[in-house]
Amino acid sequence: MTAFPPTLLAGQRFAVLGLGRNGEASVRALAAMGAEVVAWDDSDTARAAVGALPIGARIAPIADLATVDALVLSPGIPHRGERAHGVAAAAVAAGLPVLSDAEILFRAVRAAGSRARFAAITGTNGKSTTTVLLAHLLERAGFPVAAGGNLGPAALSLPLLPDNGVYVLEMSSYMLERLDQFHADVACLLNLTPDHLDRHGDMAGYAAAKAHIFDHQGPDDLALVGLGDAACDTIAATLAARGVPVLR
């Protein structure tokens, strides 16, 4: 395990909206990899709590999205619907990528040349326990492991792992709906019961957000899908039709 190269993202520009646990970690990690970062939080308290930032990062209102390559949005801030934050809605309207920190982590790992694998875990219930258990088992088996995401350390606070390493990420629906290139070698959907419907609109929207955990999976990957609910049944059938190996 090591730090990411300091020039890995040189020449790239990011806006980070939200300076909680995920947002602050994103700002520091992006700047440490050589990117230019403008960050903002509507809360005076949140902005004051950040403290000194590394070279290349500054706190300022996000006023000109045309000057950035992507908006990194903290999980709790909506980017669609009536409750969408104004900056996020403007990014969507302009076709600017709106990404989660897990997406940036995946891109950085691959840009650094590491072939470390990604194990992603989601579900309405049980995902934290499953994440901790899987990370523990992998560590005991001798693999370099970094675990975090929705649980524990923010995704972009995790170190660069070698080729035989495994990132074990707990992923919420909020994180999953902002993926683009992220590819999980192993993805697990434990269960689906109604949750966060104020954010996703209805159960179909919630299930669709969760299903993003399987994006880009193919015959060489593994999907684990829980039993016992119709939404999981539908997702499992869709994956099998795509040729993704599915265990239930």
# chains A, B, ... in the order shown; residues from 1 in each chain; ligands from 1
>>> residues_around(residues="range 136-138 of chain A", least_positions_apart="2", cutoff="12 Å", atoms="only C-alpha atoms", output="PyMOL selection string")
chain A and resi 117+119+129-134+140-147+164-168
>>> write_last_selection(atoms="all heavy atoms", output="short mmCIF file (atom, residue, chain, number, x, y, z; two decimals), in the first residue's frame")
data_model
loop_
_atom_site.label_atom_id
_atom_site.label_comp_id
_atom_site.auth_asym_id
_atom_site.auth_seq_id
_atom_site.Cartn_x
_atom_site.Cartn_y
_atom_site.Cartn_z
N ARG A 117 -8.16 -5.44 -7.43
CA ARG A 117 -9.57 -5.76 -7.69
C ARG A 117 -10.49 -4.97 -6.76
O ARG A 117 -10.10 -4.53 -5.70
CB ARG A 117 -9.78 -7.26 -7.52
CG ARG A 117 -9.20 -8.07 -8.68
CD ARG A 117 -9.06 -9.53 -8.35
NE ARG A 117 -7.96 -9.75 -7.41
CZ ARG A 117 -7.56 -10.96 -7.01
NH1 ARG A 117 -8.17 -12.03 -7.46
NH2 ARG A 117 -6.55 -11.07 -6.17
N ALA A 119 -14.21 -5.17 -4.82
CA ALA A 119 -15.37 -5.90 -4.33
C ALA A 119 -16.34 -4.87 -3.78
O ALA A 119 -16.01 -4.14 -2.83
CB ALA A 119 -14.98 -6.90 -3.25
N THR A 129 -21.91 -4.88 7.87
CA THR A 129 -21.40 -6.13 8.44
C THR A 129 -20.70 -6.96 7.39
O THR A 129 -19.62 -7.53 7.63
CB THR A 129 -22.56 -6.93 9.06
OG1 THR A 129 -23.19 -6.14 10.06
CG2 THR A 129 -22.06 -8.22 9.68
N THR A 130 -21.30 -7.04 6.21
CA THR A 130 -20.71 -7.84 5.12
C THR A 130 -19.38 -7.26 4.67
O THR A 130 -18.42 -7.99 4.40
CB THR A 130 -21.69 -7.92 3.94
OG1 THR A 130 -22.94 -8.43 4.40
CG2 THR A 130 -21.15 -8.82 2.85
N THR A 131 -19.30 -5.94 4.59
CA THR A 131 -18.05 -5.28 4.19
C THR A 131 -16.94 -5.58 5.18
O THR A 131 -15.81 -5.95 4.79
CB THR A 131 -18.27 -3.76 4.08
OG1 THR A 131 -19.27 -3.50 3.09
CG2 THR A 131 -16.98 -3.05 3.69
N VAL A 132 -17.23 -5.44 6.46
CA VAL A 132 -16.21 -5.70 7.49
C VAL A 132 -15.78 -7.16 7.46
O VAL A 132 -14.58 -7.48 7.55
CB VAL A 132 -16.77 -5.32 8.88
CG1 VAL A 132 -15.82 -5.80 9.98
CG2 VAL A 132 -16.97 -3.82 8.98
N LEU A 133 -16.74 -8.07 7.33
CA LEU A 133 -16.42 -9.49 7.32
C LEU A 133 -15.57 -9.86 6.12
O LEU A 133 -14.56 -10.58 6.26
CB LEU A 133 -17.72 -10.31 7.32
CG LEU A 133 -17.55 -11.83 7.24
CD1 LEU A 133 -16.74 -12.36 8.41
CD2 LEU A 133 -18.92 -12.50 7.17
N LEU A 134 -15.94 -9.38 4.94
CA LEU A 134 -15.16 -9.71 3.75
C LEU A 134 -13.75 -9.15 3.83
O LEU A 134 -12.77 -9.85 3.50
CB LEU A 134 -15.86 -9.17 2.50
CG LEU A 134 -15.13 -9.42 1.17
CD1 LEU A 134 -14.88 -10.90 0.95
CD2 LEU A 134 -15.91 -8.81 0.01
N ARG A 140 -6.96 -11.97 6.40
CA ARG A 140 -6.48 -13.22 6.99
C ARG A 140 -5.92 -14.16 5.92
O ARG A 140 -5.05 -14.98 6.19
CB ARG A 140 -7.61 -13.91 7.76
CG ARG A 140 -8.02 -13.19 9.04
CD ARG A 140 -6.88 -13.12 10.05
NE ARG A 140 -6.43 -14.43 10.47
CZ ARG A 140 -6.89 -15.08 11.52
NH1 ARG A 140 -7.86 -14.55 12.27
NH2 ARG A 140 -6.41 -16.26 11.85
N ALA A 141 -6.42 -14.01 4.70
CA ALA A 141 -5.93 -14.84 3.60
C ALA A 141 -4.64 -14.28 2.99
O ALA A 141 -4.06 -14.90 2.09
CB ALA A 141 -6.99 -14.95 2.52
N GLY A 142 -4.20 -13.12 3.48
CA GLY A 142 -2.91 -12.57 3.05
C GLY A 142 -2.97 -11.55 1.95
O GLY A 142 -1.91 -11.15 1.42
N PHE A 143 -4.15 -11.07 1.59
CA PHE A 143 -4.26 -10.06 0.54
C PHE A 143 -4.12 -8.66 1.13
O PHE A 143 -4.63 -8.38 2.22
CB PHE A 143 -5.63 -10.15 -0.15
CG PHE A 143 -5.81 -11.38 -0.98
CD1 PHE A 143 -6.45 -12.49 -0.45
CD2 PHE A 143 -5.36 -11.43 -2.30
CE1 PHE A 143 -6.63 -13.64 -1.21
CE2 PHE A 143 -5.54 -12.56 -3.06
CZ PHE A 143 -6.17 -13.67 -2.52
N PRO A 144 -3.44 -7.74 0.41
CA PRO A 144 -3.50 -6.33 0.81
C PRO A 144 -4.93 -5.83 0.62
O PRO A 144 -5.52 -6.00 -0.46
CB PRO A 144 -2.53 -5.65 -0.17
CG PRO A 144 -1.69 -6.74 -0.73
CD PRO A 144 -2.54 -7.97 -0.75
N VAL A 145 -5.51 -5.22 1.64
CA VAL A 145 -6.92 -4.84 1.61
C VAL A 145 -7.07 -3.40 2.07
O VAL A 145 -6.40 -2.95 3.00
CB VAL A 145 -7.77 -5.76 2.52
CG1 VAL A 145 -9.21 -5.28 2.58
CG2 VAL A 145 -7.71 -7.20 2.02
N ALA A 146 -7.98 -2.68 1.41
CA ALA A 146 -8.41 -1.37 1.87
C ALA A 146 -9.92 -1.35 1.84
O ALA A 146 -10.53 -1.63 0.79
CB ALA A 146 -7.84 -0.26 0.98
N ALA A 147 -10.55 -1.07 2.96
CA ALA A 147 -12.01 -1.10 3.06
C ALA A 147 -12.54 0.26 3.45
O ALA A 147 -11.93 0.99 4.25
CB ALA A 147 -12.44 -2.14 4.09
N ASN A 164 -2.21 -7.32 -6.47
CA ASN A 164 -2.92 -8.39 -5.76
C ASN A 164 -3.80 -7.87 -4.64
O ASN A 164 -4.34 -8.64 -3.85
CB ASN A 164 -1.92 -9.41 -5.20
CG ASN A 164 -1.04 -8.83 -4.11
OD1 ASN A 164 -0.76 -7.63 -4.10
ND2 ASN A 164 -0.59 -9.68 -3.20
N GLY A 165 -3.98 -6.56 -4.57
CA GLY A 165 -4.80 -5.97 -3.52
C GLY A 165 -6.28 -6.01 -3.86
O GLY A 165 -6.68 -6.22 -5.01
N VAL A 166 -7.10 -5.78 -2.84
CA VAL A 166 -8.55 -5.77 -3.01
C VAL A 166 -9.14 -4.57 -2.26
O VAL A 166 -8.90 -4.41 -1.06
CB VAL A 166 -9.21 -7.06 -2.49
CG1 VAL A 166 -10.72 -7.03 -2.77
CG2 VAL A 166 -8.59 -8.30 -3.11
N TYR A 167 -9.90 -3.76 -2.98
CA TYR A 167 -10.69 -2.71 -2.36
C TYR A 167 -12.07 -3.29 -2.03
O TYR A 167 -12.73 -3.84 -2.91
CB TYR A 167 -10.85 -1.52 -3.30
CG TYR A 167 -9.59 -0.74 -3.53
CD1 TYR A 167 -8.77 -1.03 -4.63
CD2 TYR A 167 -9.19 0.27 -2.67
CE1 TYR A 167 -7.60 -0.33 -4.85
CE2 TYR A 167 -8.02 0.98 -2.88
CZ TYR A 167 -7.23 0.67 -3.97
OH TYR A 167 -6.06 1.37 -4.18
N VAL A 168 -12.47 -3.19 -0.77
CA VAL A 168 -13.79 -3.65 -0.36
C VAL A 168 -14.60 -2.41 -0.01
O VAL A 168 -14.32 -1.73 0.98
CB VAL A 168 -13.70 -4.60 0.85
CG1 VAL A 168 -15.09 -5.13 1.20
CG2 VAL A 168 -12.76 -5.77 0.55
#
>>> residues_around(residues="Leu224 in chain A", least_positions_apart="6", cutoff="7 Å", atoms="only C-alpha atoms", output="number ranges by chain")
A: 187-189, 246-248
>>> closest_residue(among="A:Ala211, A:Ala31, A:Val109, A:Leu176", to="Asp163 in chain A", atoms="only C-alpha atoms")
A:Val109
>>> atom_distance(atom1="CA of Leu99 in chain A", atom2="CA of Leu73 in chain A")
6.3 Å
>>> atom_distance(atom1="CA of Phe214 in chain A", atom2="CA of Phe106 in chain A")
14.3 Å
>>> atom_distance(atom1="CA of Leu192 in chain A", atom2="CA of Arg21 in chain A")
25.9 Å
>>> select_by_dssp(residues="range 55-135 of chain A", states="alpha helix (DSSP H)", output="short mmCIF file (atom, residue, chain, number, x, y, z; two decimals) with all heavy atoms, in the first residue's frame")
data_model
loop_
_atom_site.label_atom_id
_atom_site.label_comp_id
_atom_site.auth_asym_id
_atom_site.auth_seq_id
_atom_site.Cartn_x
_atom_site.Cartn_y
_atom_site.Cartn_z
N GLY A 86 -28.72 23.41 -6.76
CA GLY A 86 -28.63 24.22 -7.96
C GLY A 86 -27.37 23.96 -8.78
O GLY A 86 -27.43 23.87 -10.01
N VAL A 87 -26.24 23.82 -8.12
CA VAL A 87 -24.98 23.55 -8.83
C VAL A 87 -25.04 22.19 -9.51
O VAL A 87 -24.63 22.02 -10.67
CB VAL A 87 -23.78 23.63 -7.87
CG1 VAL A 87 -22.50 23.13 -8.55
CG2 VAL A 87 -23.59 25.05 -7.37
N ALA A 88 -25.56 21.19 -8.79
CA ALA A 88 -25.65 19.85 -9.36
C ALA A 88 -26.61 19.81 -10.54
O ALA A 88 -26.34 19.17 -11.57
CB ALA A 88 -26.08 18.86 -8.28
N ALA A 89 -27.75 20.49 -10.41
CA ALA A 89 -28.71 20.53 -11.50
C ALA A 89 -28.11 21.21 -12.73
O ALA A 89 -28.34 20.78 -13.87
CB ALA A 89 -29.98 21.25 -11.06
N ALA A 90 -27.33 22.26 -12.51
CA ALA A 90 -26.68 22.95 -13.62
C ALA A 90 -25.65 22.04 -14.30
O ALA A 90 -25.52 22.06 -15.53
CB ALA A 90 -26.01 24.22 -13.11
N ALA A 91 -24.94 21.24 -13.50
CA ALA A 91 -23.97 20.31 -14.07
C ALA A 91 -24.67 19.27 -14.95
O ALA A 91 -24.21 18.96 -16.05
CB ALA A 91 -23.19 19.62 -12.96
N VAL A 92 -25.79 18.75 -14.46
CA VAL A 92 -26.55 17.77 -15.25
C VAL A 92 -27.03 18.40 -16.55
O VAL A 92 -26.92 17.82 -17.63
CB VAL A 92 -27.72 17.22 -14.43
CG1 VAL A 92 -28.63 16.36 -15.30
CG2 VAL A 92 -27.21 16.40 -13.24
N ALA A 93 -27.57 19.60 -16.46
CA ALA A 93 -28.08 20.28 -17.64
C ALA A 93 -26.99 20.55 -18.67
O ALA A 93 -27.24 20.53 -19.88
CB ALA A 93 -28.75 21.60 -17.23
N ASP A 101 -17.11 9.73 -5.10
CA ASP A 101 -15.69 9.54 -4.79
C ASP A 101 -15.24 8.12 -5.13
O ASP A 101 -14.07 7.90 -5.47
CB ASP A 101 -15.40 9.88 -3.33
CG ASP A 101 -16.25 9.12 -2.33
OD1 ASP A 101 -17.28 8.52 -2.72
OD2 ASP A 101 -15.91 9.12 -1.14
N ALA A 102 -16.15 7.15 -5.09
CA ALA A 102 -15.78 5.77 -5.47
C ALA A 102 -15.40 5.70 -6.94
O ALA A 102 -14.48 4.96 -7.32
CB ALA A 102 -16.93 4.82 -5.15
N GLU A 103 -16.10 6.44 -7.77
CA GLU A 103 -15.76 6.49 -9.19
C GLU A 103 -14.36 7.06 -9.40
O GLU A 103 -13.56 6.53 -10.19
CB GLU A 103 -16.79 7.34 -9.95
CG GLU A 103 -16.43 7.65 -11.38
CD GLU A 103 -16.46 6.46 -12.32
OE1 GLU A 103 -17.16 5.47 -12.01
OE2 GLU A 103 -15.79 6.51 -13.36
N ILE A 104 -14.04 8.14 -8.69
CA ILE A 104 -12.72 8.75 -8.82
C ILE A 104 -11.64 7.80 -8.31
O ILE A 104 -10.55 7.70 -8.90
CB ILE A 104 -12.65 10.10 -8.08
CG1 ILE A 104 -13.72 11.06 -8.61
CG2 ILE A 104 -11.27 10.71 -8.20
CD1 ILE A 104 -13.53 11.46 -10.05
N LEU A 105 -11.91 7.09 -7.23
CA LEU A 105 -10.94 6.11 -6.73
C LEU A 105 -10.65 5.07 -7.79
O LEU A 105 -9.48 4.75 -8.05
CB LEU A 105 -11.47 5.42 -5.46
CG LEU A 105 -10.62 4.25 -4.95
CD1 LEU A 105 -9.26 4.73 -4.46
CD2 LEU A 105 -11.36 3.47 -3.87
N PHE A 106 -11.67 4.51 -8.40
CA PHE A 106 -11.46 3.49 -9.44
C PHE A 106 -10.60 4.05 -10.57
O PHE A 106 -9.64 3.40 -11.02
CB PHE A 106 -12.81 3.02 -9.98
CG PHE A 106 -12.68 2.03 -11.11
CD1 PHE A 106 -12.42 0.70 -10.85
CD2 PHE A 106 -12.80 2.45 -12.43
CE1 PHE A 106 -12.28 -0.21 -11.90
CE2 PHE A 106 -12.67 1.55 -13.47
CZ PHE A 106 -12.41 0.22 -13.21
N ARG A 107 -10.92 5.23 -11.04
CA ARG A 107 -10.15 5.82 -12.13
C ARG A 107 -8.69 6.04 -11.74
O ARG A 107 -7.77 5.81 -12.53
CB ARG A 107 -10.78 7.15 -12.56
CG ARG A 107 -12.16 7.03 -13.18
CD ARG A 107 -12.61 8.37 -13.72
NE ARG A 107 -13.97 8.34 -14.22
CZ ARG A 107 -14.52 9.31 -14.96
NH1 ARG A 107 -13.80 10.38 -15.25
NH2 ARG A 107 -15.76 9.21 -15.38
N ALA A 108 -8.48 6.52 -10.50
CA ALA A 108 -7.12 6.79 -10.05
C ALA A 108 -6.30 5.51 -9.93
O ALA A 108 -5.12 5.48 -10.30
CB ALA A 108 -7.16 7.52 -8.70
N VAL A 109 -6.92 4.46 -9.42
CA VAL A 109 -6.22 3.17 -9.30
C VAL A 109 -5.77 2.67 -10.66
O VAL A 109 -4.63 2.24 -10.86
CB VAL A 109 -7.12 2.13 -8.59
CG1 VAL A 109 -6.51 0.73 -8.68
CG2 VAL A 109 -7.33 2.51 -7.14
N ARG A 110 -6.67 2.72 -11.63
CA ARG A 110 -6.32 2.25 -12.97
C ARG A 110 -5.31 3.19 -13.64
O ARG A 110 -4.39 2.74 -14.32
CB ARG A 110 -7.58 2.13 -13.82
CG ARG A 110 -8.52 1.03 -13.33
CD ARG A 110 -7.90 -0.36 -13.47
NE ARG A 110 -8.78 -1.40 -12.97
CZ ARG A 110 -8.64 -2.03 -11.82
NH1 ARG A 110 -7.62 -1.71 -11.01
NH2 ARG A 110 -9.48 -2.96 -11.44
N ALA A 111 -5.45 4.50 -13.44
CA ALA A 111 -4.49 5.44 -14.02
C ALA A 111 -3.10 5.25 -13.45
O ALA A 111 -2.09 5.47 -14.13
CB ALA A 111 -4.96 6.87 -13.79
N LYS A 127 -25.12 -4.36 4.78
CA LYS A 127 -23.94 -4.12 3.97
C LYS A 127 -22.70 -3.76 4.78
O LYS A 127 -21.59 -4.12 4.41
CB LYS A 127 -24.21 -3.06 2.90
CG LYS A 127 -24.75 -1.74 3.34
CD LYS A 127 -25.12 -0.88 2.13
CE LYS A 127 -25.72 0.45 2.55
NZ LYS A 127 -27.08 0.27 3.14
N SER A 128 -22.87 -3.08 5.91
CA SER A 128 -21.71 -2.75 6.74
C SER A 128 -21.08 -4.00 7.33
O SER A 128 -19.86 -4.18 7.28
CB SER A 128 -22.12 -1.79 7.87
OG SER A 128 -22.57 -0.57 7.37
N THR A 129 -21.91 -4.88 7.87
CA THR A 129 -21.40 -6.13 8.44
C THR A 129 -20.70 -6.96 7.39
O THR A 129 -19.62 -7.53 7.63
CB THR A 129 -22.56 -6.93 9.06
OG1 THR A 129 -23.19 -6.14 10.06
CG2 THR A 129 -22.06 -8.22 9.68
N THR A 130 -21.30 -7.04 6.21
CA THR A 130 -20.71 -7.84 5.12
C THR A 130 -19.38 -7.26 4.67
O THR A 130 -18.42 -7.99 4.40
CB THR A 130 -21.69 -7.92 3.94
OG1 THR A 130 -22.94 -8.43 4.40
CG2 THR A 130 -21.15 -8.82 2.85
N THR A 131 -19.30 -5.94 4.59
CA THR A 131 -18.05 -5.28 4.19
C THR A 131 -16.94 -5.58 5.18
O THR A 131 -15.81 -5.95 4.79
CB THR A 131 -18.27 -3.76 4.08
OG1 THR A 131 -19.27 -3.50 3.09
CG2 THR A 131 -16.98 -3.05 3.69
N VAL A 132 -17.23 -5.44 6.46
CA VAL A 132 -16.21 -5.70 7.49
C VAL A 132 -15.78 -7.16 7.46
O VAL A 132 -14.58 -7.48 7.55
CB VAL A 132 -16.77 -5.32 8.88
CG1 VAL A 132 -15.82 -5.80 9.98
CG2 VAL A 132 -16.97 -3.82 8.98
N LEU A 133 -16.74 -8.07 7.33
CA LEU A 133 -16.42 -9.49 7.32
C LEU A 133 -15.57 -9.86 6.12
O LEU A 133 -14.56 -10.58 6.26
CB LEU A 133 -17.72 -10.31 7.32
CG LEU A 133 -17.55 -11.83 7.24
CD1 LEU A 133 -16.74 -12.36 8.41
CD2 LEU A 133 -18.92 -12.50 7.17
N LEU A 134 -15.94 -9.38 4.94
CA LEU A 134 -15.16 -9.71 3.75
C LEU A 134 -13.75 -9.15 3.83
O LEU A 134 -12.77 -9.85 3.50
CB LEU A 134 -15.86 -9.17 2.50
CG LEU A 134 -15.13 -9.42 1.17
CD1 LEU A 134 -14.88 -10.90 0.95
CD2 LEU A 134 -15.91 -8.81 0.01
N ALA A 135 -13.60 -7.92 4.30
CA ALA A 135 -12.26 -7.34 4.44
C ALA A 135 -11.42 -8.16 5.42
O ALA A 135 -10.23 -8.42 5.18
CB ALA A 135 -12.37 -5.89 4.91
#
>>> residues_around(residues="Met175 in chain A", least_positions_apart="6", cutoff="12 Å", atoms="only C-alpha atoms", output="PyMOL selection string")
chain A and resi 22+72-79+98-104+120-122+149-151+154-155+169+182+209-213
>>> closest_residue(among="A:Thr124, A:Ala60, A:Val50, A:Asp42", to="His85 in chain A", atoms="only C-alpha atoms")
A:Asp42
>>> residues_around(residues="Ala230 in chain A", least_positions_apart="6", cutoff="12 Å", atoms="only C-alpha atoms", output="PyMOL selection string")
chain A and resi 191-193+203-204+207+236-237
>>> write_last_selection(atoms="all heavy atoms", output="PDB file, in the first residue's frame")
ATOM      1  N   ASN A 191     -29.994  -7.350  -0.484  1.00  0.00           N
ATOM      2  CA  ASN A 191     -31.453  -7.339  -0.378  1.00  0.00           C
ATOM      3  C   ASN A 191     -31.967  -5.983  -0.807  1.00  0.00           C
ATOM      4  O   ASN A 191     -31.195  -5.026  -0.939  1.00  0.00           O
ATOM      5  CB  ASN A 191     -31.895  -7.633   1.069  1.00  0.00           C
ATOM      6  CG  ASN A 191     -31.079  -6.838   2.077  1.00  0.00           C
ATOM      7  OD1 ASN A 191     -31.022  -5.619   2.036  1.00  0.00           O
ATOM      8  ND2 ASN A 191     -30.413  -7.538   2.983  1.00  0.00           N
ATOM      9  N   LEU A 192     -33.263  -5.906  -1.024  1.00  0.00           N
ATOM     10  CA  LEU A 192     -33.891  -4.642  -1.382  1.00  0.00           C
ATOM     11  C   LEU A 192     -35.256  -4.538  -0.715  1.00  0.00           C
ATOM     12  O   LEU A 192     -36.156  -5.335  -0.991  1.00  0.00           O
ATOM     13  CB  LEU A 192     -34.075  -4.528  -2.900  1.00  0.00           C
ATOM     14  CG  LEU A 192     -32.863  -4.098  -3.726  1.00  0.00           C
ATOM     15  CD1 LEU A 192     -33.179  -4.192  -5.212  1.00  0.00           C
ATOM     16  CD2 LEU A 192     -32.434  -2.685  -3.370  1.00  0.00           C
ATOM     17  N   THR A 193     -35.397  -3.568   0.174  1.00  0.00           N
ATOM     18  CA  THR A 193     -36.683  -3.223   0.745  1.00  0.00           C
ATOM     19  C   THR A 193     -36.825  -1.709   0.645  1.00  0.00           C
ATOM     20  O   THR A 193     -35.823  -0.994   0.512  1.00  0.00           O
ATOM     21  CB  THR A 193     -36.805  -3.667   2.217  1.00  0.00           C
ATOM     22  OG1 THR A 193     -35.706  -3.104   2.968  1.00  0.00           O
ATOM     23  CG2 THR A 193     -36.748  -5.191   2.334  1.00  0.00           C
ATOM     24  N   MET A 203     -39.895   2.599  -5.671  1.00  0.00           N
ATOM     25  CA  MET A 203     -39.081   1.401  -5.501  1.00  0.00           C
ATOM     26  C   MET A 203     -38.310   1.055  -6.773  1.00  0.00           C
ATOM     27  O   MET A 203     -37.169   0.592  -6.705  1.00  0.00           O
ATOM     28  CB  MET A 203     -39.971   0.226  -5.084  1.00  0.00           C
ATOM     29  CG  MET A 203     -39.209  -1.006  -4.639  1.00  0.00           C
ATOM     30  SD  MET A 203     -38.177  -0.677  -3.186  1.00  0.00           S
ATOM     31  CE  MET A 203     -37.245  -2.216  -3.086  1.00  0.00           C
ATOM     32  N   ALA A 204     -38.908   1.315  -7.917  1.00  0.00           N
ATOM     33  CA  ALA A 204     -38.218   1.038  -9.173  1.00  0.00           C
ATOM     34  C   ALA A 204     -36.973   1.918  -9.320  1.00  0.00           C
ATOM     35  O   ALA A 204     -35.912   1.453  -9.761  1.00  0.00           O
ATOM     36  CB  ALA A 204     -39.168   1.266 -10.350  1.00  0.00           C
ATOM     37  N   ALA A 207     -34.322   0.565  -6.871  1.00  0.00           N
ATOM     38  CA  ALA A 207     -33.712  -0.659  -7.390  1.00  0.00           C
ATOM     39  C   ALA A 207     -32.766  -0.355  -8.547  1.00  0.00           C
ATOM     40  O   ALA A 207     -31.682  -0.947  -8.654  1.00  0.00           O
ATOM     41  CB  ALA A 207     -34.792  -1.643  -7.835  1.00  0.00           C
ATOM     42  N   ALA A 236     -31.189 -10.209 -10.940  1.00  0.00           N
ATOM     43  CA  ALA A 236     -30.421 -11.434 -11.171  1.00  0.00           C
ATOM     44  C   ALA A 236     -30.685 -11.992 -12.565  1.00  0.00           C
ATOM     45  O   ALA A 236     -29.751 -12.434 -13.258  1.00  0.00           O
ATOM     46  CB  ALA A 236     -30.762 -12.466 -10.108  1.00  0.00           C
ATOM     47  N   ALA A 237     -31.928 -11.979 -12.993  1.00  0.00           N
ATOM     48  CA  ALA A 237     -32.261 -12.487 -14.320  1.00  0.00           C
ATOM     49  C   ALA A 237     -31.628 -11.638 -15.418  1.00  0.00           C
ATOM     50  O   ALA A 237     -31.125 -12.169 -16.432  1.00  0.00           O
ATOM     51  CB  ALA A 237     -33.776 -12.529 -14.497  1.00  0.00           C
TER      52      ALA A 237
END
>>> closest_residue(among="A:Gly20, A:Gly243, A:Gly226, A:Pro219", to="Leu190 in chain A", atoms="only C-alpha atoms")
A:Gly226
>>> closest_residue(among="A:Gly113, A:Gly218, A:Gly228, A:Gly81", to="Val244 in chain A", atoms="only C-alpha atoms")
A:Gly218
>>> closest_residue(among="A:Gly148, A:Pro6, A:Pro97, A:Pro153", to="Ala35 in chain A", atoms="only C-alpha atoms")
A:Pro6
>>> select_by_dssp(residues="range 62-219 of chain A", states="strand (DSSP E or B)", output="list in words")
Ala70, Leu71, Val72, Leu73, Val98, Leu99, Arg117, Phe118, Ala119, Ala120, Ile121, Thr122, Val145, Ala146, Ala147, Gly148, Gly149, Leu160, Val166, Tyr167, Val168, Leu169, Glu170, Val186, Ala187, Cys188 and Leu189 of chain A
>>> closest_residue(among="A:Leu71, A:Met1, A:Leu30, A:Ala57", to="Arg178 in chain A", atoms="only C-alpha atoms")
A:Leu71
>>> residues_around(residues="Pro5 in chain A", least_positions_apart="4", cutoff="10 Å", atoms="only C-alpha atoms", output="list in words")
Leu9, Ala10, Ala32, Met33, Gly34, Ala108, Ala111, Ala112 and Leu160 of chain A
>>> write_last_selection(atoms="all heavy atoms", output="compact mmCIF listing (two decimals), in the first residue's frame")
# COMPACT_ATOMS: atom_id res chain seq x y z
N LEU A 9 -3.13 13.23 -11.65
CA LEU A 9 -4.26 13.96 -12.21
C LEU A 9 -3.87 15.37 -12.63
O LEU A 9 -4.72 16.26 -12.74
CB LEU A 9 -5.41 14.02 -11.20
CG LEU A 9 -5.97 12.67 -10.74
CD1 LEU A 9 -7.10 12.88 -9.74
CD2 LEU A 9 -6.45 11.83 -11.92
N ALA A 10 -2.60 15.58 -12.88
CA ALA A 10 -2.13 16.91 -13.28
C ALA A 10 -2.86 17.36 -14.55
O ALA A 10 -3.03 16.59 -15.49
CB ALA A 10 -0.62 16.89 -13.52
N ALA A 32 -3.78 16.18 -3.88
CA ALA A 32 -2.54 15.43 -3.67
C ALA A 32 -2.10 14.69 -4.93
O ALA A 32 -0.92 14.38 -5.10
CB ALA A 32 -2.72 14.44 -2.53
N MET A 33 -3.06 14.42 -5.84
CA MET A 33 -2.74 13.76 -7.10
C MET A 33 -2.51 14.76 -8.23
O MET A 33 -2.42 14.40 -9.39
CB MET A 33 -3.85 12.77 -7.48
CG MET A 33 -3.87 11.54 -6.59
SD MET A 33 -5.10 10.31 -7.12
CE MET A 33 -6.54 10.82 -6.16
N GLY A 34 -2.43 16.05 -7.90
CA GLY A 34 -2.05 17.06 -8.88
C GLY A 34 -3.17 17.79 -9.55
O GLY A 34 -2.93 18.63 -10.42
N ALA A 108 -8.48 6.52 -10.50
CA ALA A 108 -7.12 6.79 -10.05
C ALA A 108 -6.30 5.51 -9.93
O ALA A 108 -5.12 5.48 -10.30
CB ALA A 108 -7.16 7.52 -8.70
N ALA A 111 -5.45 4.50 -13.44
CA ALA A 111 -4.49 5.44 -14.02
C ALA A 111 -3.10 5.25 -13.45
O ALA A 111 -2.09 5.47 -14.13
CB ALA A 111 -4.96 6.87 -13.79
N ALA A 112 -3.02 4.80 -12.19
CA ALA A 112 -1.73 4.55 -11.54
C ALA A 112 -1.11 3.23 -11.99
O ALA A 112 0.02 2.93 -11.61
CB ALA A 112 -1.90 4.57 -10.03
N LEU A 160 -3.23 3.51 -2.43
CA LEU A 160 -3.04 2.75 -3.66
C LEU A 160 -2.58 1.35 -3.31
O LEU A 160 -1.59 1.16 -2.61
CB LEU A 160 -2.00 3.44 -4.55
CG LEU A 160 -1.65 2.72 -5.87
CD1 LEU A 160 -2.87 2.59 -6.77
CD2 LEU A 160 -0.53 3.48 -6.58
